[in-house]
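Source file: my_file07.txt; contents: compact mmCIF, N, CA, C and O atoms.
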```
# COMPACT_ATOMS: atom_id res chain seq x y z
N MET A 1 15.03 112.61 44.98
CA MET A 1 16.27 112.80 45.72
C MET A 1 16.50 114.29 46.01
O MET A 1 17.09 114.62 47.02
N GLU A 2 16.05 115.14 45.12
CA GLU A 2 16.24 116.59 45.32
C GLU A 2 15.55 117.06 46.59
O GLU A 2 16.08 117.92 47.31
N ASP A 3 14.38 116.50 46.89
CA ASP A 3 13.66 116.88 48.10
C ASP A 3 14.45 116.54 49.35
O ASP A 3 14.46 117.30 50.32
N ILE A 4 15.14 115.41 49.33
CA ILE A 4 15.93 115.00 50.50
C ILE A 4 17.09 115.96 50.71
O ILE A 4 17.34 116.41 51.83
N SER A 5 17.80 116.30 49.63
CA SER A 5 18.94 117.19 49.78
C SER A 5 18.49 118.58 50.21
O SER A 5 19.15 119.24 51.02
N GLU A 6 17.36 119.03 49.72
CA GLU A 6 16.84 120.33 50.14
C GLU A 6 16.43 120.30 51.61
O GLU A 6 16.64 121.27 52.33
N ALA A 7 15.86 119.20 52.06
CA ALA A 7 15.46 119.07 53.46
C ALA A 7 16.68 119.09 54.38
O ALA A 7 16.66 119.73 55.44
N ILE A 8 17.77 118.43 53.96
CA ILE A 8 18.99 118.42 54.76
C ILE A 8 19.55 119.83 54.87
O ILE A 8 19.91 120.29 55.97
N GLU A 9 19.62 120.53 53.76
CA GLU A 9 20.13 121.91 53.79
C GLU A 9 19.24 122.82 54.61
O GLU A 9 19.72 123.66 55.38
N SER A 10 17.94 122.67 54.48
CA SER A 10 17.00 123.49 55.24
C SER A 10 17.14 123.25 56.74
O SER A 10 17.13 124.20 57.53
N LEU A 11 17.30 122.00 57.12
CA LEU A 11 17.49 121.66 58.53
C LEU A 11 18.78 122.28 59.07
O LEU A 11 18.79 122.84 60.16
N ALA A 12 19.84 122.21 58.30
CA ALA A 12 21.12 122.78 58.73
C ALA A 12 21.00 124.29 58.91
O ALA A 12 21.52 124.85 59.89
N HIS A 13 20.31 124.96 57.99
CA HIS A 13 20.11 126.41 58.12
C HIS A 13 19.29 126.73 59.37
O HIS A 13 19.59 127.70 60.08
N ALA A 14 18.27 125.94 59.64
CA ALA A 14 17.44 126.17 60.82
C ALA A 14 18.24 125.99 62.10
O ALA A 14 18.11 126.78 63.05
N ILE A 15 19.08 124.97 62.14
CA ILE A 15 19.93 124.73 63.32
C ILE A 15 20.88 125.89 63.50
O ILE A 15 21.05 126.41 64.61
N GLN A 16 21.52 126.31 62.43
CA GLN A 16 22.47 127.43 62.51
C GLN A 16 21.77 128.70 63.00
O GLN A 16 22.28 129.41 63.86
N HIS A 17 20.60 128.97 62.47
CA HIS A 17 19.87 130.17 62.87
C HIS A 17 19.51 130.11 64.36
O HIS A 17 19.69 131.09 65.09
N GLY A 18 19.02 128.99 64.81
CA GLY A 18 18.65 128.85 66.21
C GLY A 18 19.84 128.98 67.14
O GLY A 18 19.77 129.66 68.16
N LEU A 19 20.94 128.34 66.78
CA LEU A 19 22.12 128.40 67.62
C LEU A 19 22.77 129.78 67.63
O LEU A 19 23.42 130.16 68.60
N SER A 20 22.59 130.54 66.56
CA SER A 20 23.19 131.87 66.51
C SER A 20 22.57 132.80 67.55
O SER A 20 23.16 133.80 67.93
N ARG A 21 21.41 132.45 68.03
CA ARG A 21 20.72 133.27 69.04
C ARG A 21 21.27 133.05 70.45
O ARG A 21 20.91 133.77 71.37
N LEU A 22 22.13 132.05 70.62
CA LEU A 22 22.60 131.72 71.95
C LEU A 22 23.77 132.59 72.41
O LEU A 22 24.10 132.59 73.59
N GLY A 23 24.41 133.30 71.52
CA GLY A 23 25.51 134.19 71.91
C GLY A 23 26.81 133.47 72.14
O GLY A 23 26.91 132.25 72.01
N THR A 24 27.83 134.24 72.52
CA THR A 24 29.17 133.67 72.67
C THR A 24 29.48 133.23 74.08
O THR A 24 30.28 132.33 74.29
N GLY A 25 28.93 133.86 75.09
CA GLY A 25 29.22 133.46 76.47
C GLY A 25 30.71 133.43 76.74
O GLY A 25 31.42 134.38 76.46
N ASP A 26 31.21 132.33 77.25
CA ASP A 26 32.63 132.16 77.53
C ASP A 26 33.33 131.30 76.49
O ASP A 26 34.33 130.64 76.78
N ALA A 27 32.82 131.28 75.28
CA ALA A 27 33.39 130.43 74.23
C ALA A 27 34.78 130.92 73.82
O ALA A 27 35.11 132.10 73.98
N PHE A 28 35.56 130.02 73.28
CA PHE A 28 36.91 130.35 72.85
C PHE A 28 36.96 130.97 71.46
O PHE A 28 38.00 131.44 71.05
N THR A 29 35.86 130.94 70.72
CA THR A 29 35.84 131.54 69.39
C THR A 29 34.99 132.80 69.42
O THR A 29 34.12 132.96 70.27
N SER A 30 35.25 133.67 68.47
CA SER A 30 34.49 134.92 68.43
C SER A 30 33.03 134.69 68.07
O SER A 30 32.16 135.47 68.44
N MET A 31 32.75 133.60 67.36
CA MET A 31 31.36 133.35 66.98
C MET A 31 30.65 132.47 67.99
O MET A 31 29.46 132.29 67.92
N GLY A 32 31.34 131.90 68.94
CA GLY A 32 30.71 131.01 69.92
C GLY A 32 30.82 129.56 69.49
O GLY A 32 30.80 129.24 68.30
N ALA A 33 30.97 128.71 70.45
CA ALA A 33 31.18 127.29 70.16
C ALA A 33 29.99 126.67 69.43
O ALA A 33 30.16 125.91 68.48
N LEU A 34 28.79 127.00 69.88
CA LEU A 34 27.62 126.40 69.23
C LEU A 34 27.42 126.95 67.82
O LEU A 34 27.02 126.21 66.93
N GLU A 35 27.72 128.21 67.63
CA GLU A 35 27.63 128.78 66.28
C GLU A 35 28.68 128.16 65.36
O GLU A 35 28.41 127.89 64.19
N ALA A 36 29.87 127.93 65.88
CA ALA A 36 30.91 127.27 65.08
C ALA A 36 30.47 125.86 64.72
O ALA A 36 30.67 125.40 63.58
N HIS A 37 29.86 125.17 65.66
CA HIS A 37 29.35 123.82 65.39
C HIS A 37 28.24 123.87 64.34
O HIS A 37 28.20 123.04 63.44
N ALA A 38 27.36 124.85 64.46
CA ALA A 38 26.29 125.00 63.47
C ALA A 38 26.86 125.27 62.09
O ALA A 38 26.34 124.76 61.09
N ALA A 39 27.91 126.08 62.01
CA ALA A 39 28.54 126.35 60.72
C ALA A 39 29.13 125.07 60.13
O ALA A 39 29.03 124.83 58.91
N ALA A 40 29.72 124.24 60.99
CA ALA A 40 30.25 122.96 60.52
C ALA A 40 29.13 122.05 60.04
O ALA A 40 29.28 121.35 59.03
N ILE A 41 28.00 122.05 60.75
CA ILE A 41 26.85 121.25 60.33
C ILE A 41 26.34 121.74 58.97
O ILE A 41 26.03 120.94 58.09
N LEU A 42 26.28 123.05 58.80
CA LEU A 42 25.82 123.62 57.54
C LEU A 42 26.73 123.21 56.39
O LEU A 42 26.26 122.80 55.32
N THR A 43 28.03 123.27 56.61
CA THR A 43 28.98 122.86 55.58
C THR A 43 28.83 121.39 55.25
O THR A 43 28.79 120.99 54.08
N ALA A 44 28.72 120.56 56.29
CA ALA A 44 28.57 119.12 56.08
C ALA A 44 27.26 118.80 55.36
O ALA A 44 27.24 117.95 54.46
N ALA A 45 26.19 119.49 55.73
CA ALA A 45 24.91 119.26 55.07
C ALA A 45 24.99 119.63 53.59
O ALA A 45 24.43 118.94 52.73
N GLY A 46 25.69 120.72 53.30
CA GLY A 46 25.88 121.11 51.90
C GLY A 46 26.66 120.06 51.13
O GLY A 46 26.33 119.74 49.97
N ASP A 47 27.70 119.50 51.77
CA ASP A 47 28.48 118.44 51.13
C ASP A 47 27.63 117.20 50.90
O ASP A 47 27.71 116.57 49.83
N ILE A 48 26.83 116.83 51.88
CA ILE A 48 25.96 115.65 51.75
C ILE A 48 24.93 115.88 50.64
O ILE A 48 24.69 115.01 49.81
N ALA A 49 24.33 117.07 50.64
CA ALA A 49 23.32 117.38 49.61
C ALA A 49 23.96 117.34 48.22
O ALA A 49 23.35 116.83 47.26
N GLY A 50 25.17 117.86 48.10
CA GLY A 50 25.87 117.83 46.81
C GLY A 50 26.14 116.40 46.35
O GLY A 50 25.99 116.08 45.16
N ALA A 51 26.54 115.56 47.29
CA ALA A 51 26.80 114.16 46.95
C ALA A 51 25.52 113.46 46.51
O ALA A 51 25.53 112.66 45.58
N ILE A 52 24.41 113.77 47.18
CA ILE A 52 23.12 113.18 46.79
C ILE A 52 22.74 113.63 45.38
O ILE A 52 22.27 112.84 44.56
N ARG A 53 22.97 114.92 45.09
CA ARG A 53 22.66 115.42 43.73
C ARG A 53 23.52 114.72 42.68
O ARG A 53 23.03 114.35 41.61
N GLU A 54 24.81 114.55 42.97
CA GLU A 54 25.70 113.86 42.03
C GLU A 54 25.27 112.42 41.83
O GLU A 54 25.27 111.92 40.70
N LEU A 55 24.91 111.75 42.91
CA LEU A 55 24.45 110.36 42.81
C LEU A 55 23.18 110.29 41.98
O LEU A 55 23.04 109.43 41.11
N SER A 56 22.26 111.21 42.23
CA SER A 56 21.01 111.24 41.48
C SER A 56 21.28 111.47 40.00
O SER A 56 20.67 110.81 39.14
N ALA A 57 22.18 112.39 39.68
CA ALA A 57 22.51 112.67 38.28
C ALA A 57 23.15 111.46 37.62
O ALA A 57 22.85 111.13 36.47
N SER A 58 24.00 110.75 38.36
CA SER A 58 24.63 109.55 37.81
C SER A 58 23.60 108.47 37.53
O SER A 58 23.67 107.79 36.50
N ILE A 59 22.65 108.32 38.44
CA ILE A 59 21.58 107.33 38.23
C ILE A 59 20.75 107.72 37.02
O ILE A 59 20.41 106.87 36.19
N ASP A 60 20.43 109.02 36.90
CA ASP A 60 19.65 109.47 35.75
C ASP A 60 20.41 109.23 34.45
O ASP A 60 19.81 108.89 33.43
N ASP A 61 21.74 109.40 34.45
CA ASP A 61 22.54 109.19 33.25
C ASP A 61 22.57 107.72 32.84
O ASP A 61 22.78 107.41 31.66
N MET A 62 22.36 106.81 33.78
CA MET A 62 22.38 105.38 33.49
C MET A 62 21.06 104.88 32.93
O MET A 62 21.01 103.78 32.37
N LYS A 63 20.02 105.68 33.04
CA LYS A 63 18.70 105.24 32.54
C LYS A 63 18.72 105.24 31.02
O LYS A 63 19.29 106.13 30.39
N PRO A 64 18.07 104.23 30.45
CA PRO A 64 18.03 104.15 28.96
C PRO A 64 17.17 105.23 28.35
O PRO A 64 16.35 105.84 28.88
```
Any chance you could put this one into structure tokens?
Amino acid sequence: MEDISEAIESLAHAIQHGLSRLGTGDAFTSMGALEAHAAAILTAAGDIAGAIRELSASIDDMKP
């Protein structure tokens, strides 16, 4: 399960890095709409990865 959560976080970081290269253009935020979206994806991926880790730990705790 750890590999899955690491893959999710790695993907989110890669998306954020790629989108940060697009600039702000005419976006309404100082960081740019796509960068703001990438930041939200990164946060969500971190939350998902954390939930997977908690689930994995709970399953491990249930093993005899």
Close residues, segment 11-18 of chain A itself excluded, 7 Å, only N, CA, C and O atoms, min 5 positions apart in chain, as a ChimeraX atom specification = /A:5-6,23,34-35,38-39,41-42,45
message = What's the separation between atom CA of Glu2 of chain A and atom CA of Asp47 of chain A, in Å to one decimal place?
response = 13.7 Å
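For the pair atom CA of Thr43 of chain A and atom CA of Ser10 of chain A, the interatomic distance is 12.0 Å.
A straight line drawn from atom CA of Ala51 of chain A to atom N of Lys63 of chain A is 17.6 Å long.
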Final all heavy atoms of segment 34-45 of chain A as a short mmCIF file (atom, residue, chain, number, x, y, z; two decimals), keeping the file's coordinate frame:
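So out06.cif came out as:
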```cif
data_model
loop_
_atom_site.label_atom_id
_atom_site.label_comp_id
_atom_site.auth_asym_id
_atom_site.auth_seq_id
_atom_site.Cartn_x
_atom_site.Cartn_y
_atom_site.Cartn_z
N LEU A 34 28.79 127.00 69.88
CA LEU A 34 27.62 126.40 69.23
C LEU A 34 27.42 126.95 67.82
O LEU A 34 27.02 126.21 66.93
CB LEU A 34 26.36 126.65 70.08
CG LEU A 34 26.34 125.89 71.40
CD1 LEU A 34 25.10 126.26 72.20
CD2 LEU A 34 26.38 124.40 71.17
N GLU A 35 27.72 128.21 67.63
CA GLU A 35 27.63 128.78 66.28
C GLU A 35 28.68 128.16 65.36
O GLU A 35 28.41 127.89 64.19
CB GLU A 35 27.79 130.29 66.32
CG GLU A 35 26.59 130.98 66.93
CD GLU A 35 26.83 132.47 67.07
OE1 GLU A 35 27.56 132.87 67.99
OE2 GLU A 35 26.28 133.21 66.23
N ALA A 36 29.87 127.93 65.88
CA ALA A 36 30.91 127.27 65.08
C ALA A 36 30.47 125.86 64.72
O ALA A 36 30.67 125.40 63.58
CB ALA A 36 32.23 127.24 65.85
N HIS A 37 29.86 125.17 65.66
CA HIS A 37 29.35 123.82 65.39
C HIS A 37 28.24 123.87 64.34
O HIS A 37 28.20 123.04 63.44
CB HIS A 37 28.83 123.19 66.69
CG HIS A 37 28.44 121.76 66.55
ND1 HIS A 37 29.34 120.76 66.33
CD2 HIS A 37 27.21 121.19 66.57
CE1 HIS A 37 28.70 119.61 66.22
NE2 HIS A 37 27.41 119.84 66.38
N ALA A 38 27.36 124.85 64.46
CA ALA A 38 26.29 125.00 63.47
C ALA A 38 26.86 125.27 62.09
O ALA A 38 26.34 124.76 61.09
CB ALA A 38 25.34 126.12 63.88
N ALA A 39 27.91 126.08 62.01
CA ALA A 39 28.54 126.35 60.72
C ALA A 39 29.13 125.07 60.13
O ALA A 39 29.03 124.83 58.91
CB ALA A 39 29.62 127.42 60.88
N ALA A 40 29.72 124.24 60.99
CA ALA A 40 30.25 122.96 60.52
C ALA A 40 29.13 122.05 60.04
O ALA A 40 29.28 121.35 59.03
CB ALA A 40 31.05 122.29 61.63
N ILE A 41 28.00 122.05 60.75
CA ILE A 41 26.85 121.25 60.33
C ILE A 41 26.34 121.74 58.97
O ILE A 41 26.03 120.94 58.09
CB ILE A 41 25.72 121.31 61.38
CG1 ILE A 41 26.12 120.55 62.64
CG2 ILE A 41 24.41 120.75 60.82
CD1 ILE A 41 25.15 120.72 63.80
N LEU A 42 26.28 123.05 58.80
CA LEU A 42 25.82 123.62 57.54
C LEU A 42 26.73 123.21 56.39
O LEU A 42 26.26 122.80 55.32
CB LEU A 42 25.76 125.15 57.65
CG LEU A 42 25.25 125.91 56.44
CD1 LEU A 42 23.84 125.48 56.08
CD2 LEU A 42 25.29 127.40 56.71
N THR A 43 28.03 123.27 56.61
CA THR A 43 28.98 122.86 55.58
C THR A 43 28.83 121.39 55.25
O THR A 43 28.79 120.99 54.08
CB THR A 43 30.42 123.16 56.05
OG1 THR A 43 30.56 124.56 56.27
CG2 THR A 43 31.45 122.72 55.03
N ALA A 44 28.72 120.56 56.29
CA ALA A 44 28.57 119.12 56.08
C ALA A 44 27.26 118.80 55.36
O ALA A 44 27.24 117.95 54.46
CB ALA A 44 28.63 118.38 57.41
N ALA A 45 26.19 119.49 55.73
CA ALA A 45 24.91 119.26 55.07
C ALA A 45 24.99 119.63 53.59
O ALA A 45 24.43 118.94 52.73
CB ALA A 45 23.80 120.05 55.75
#
```
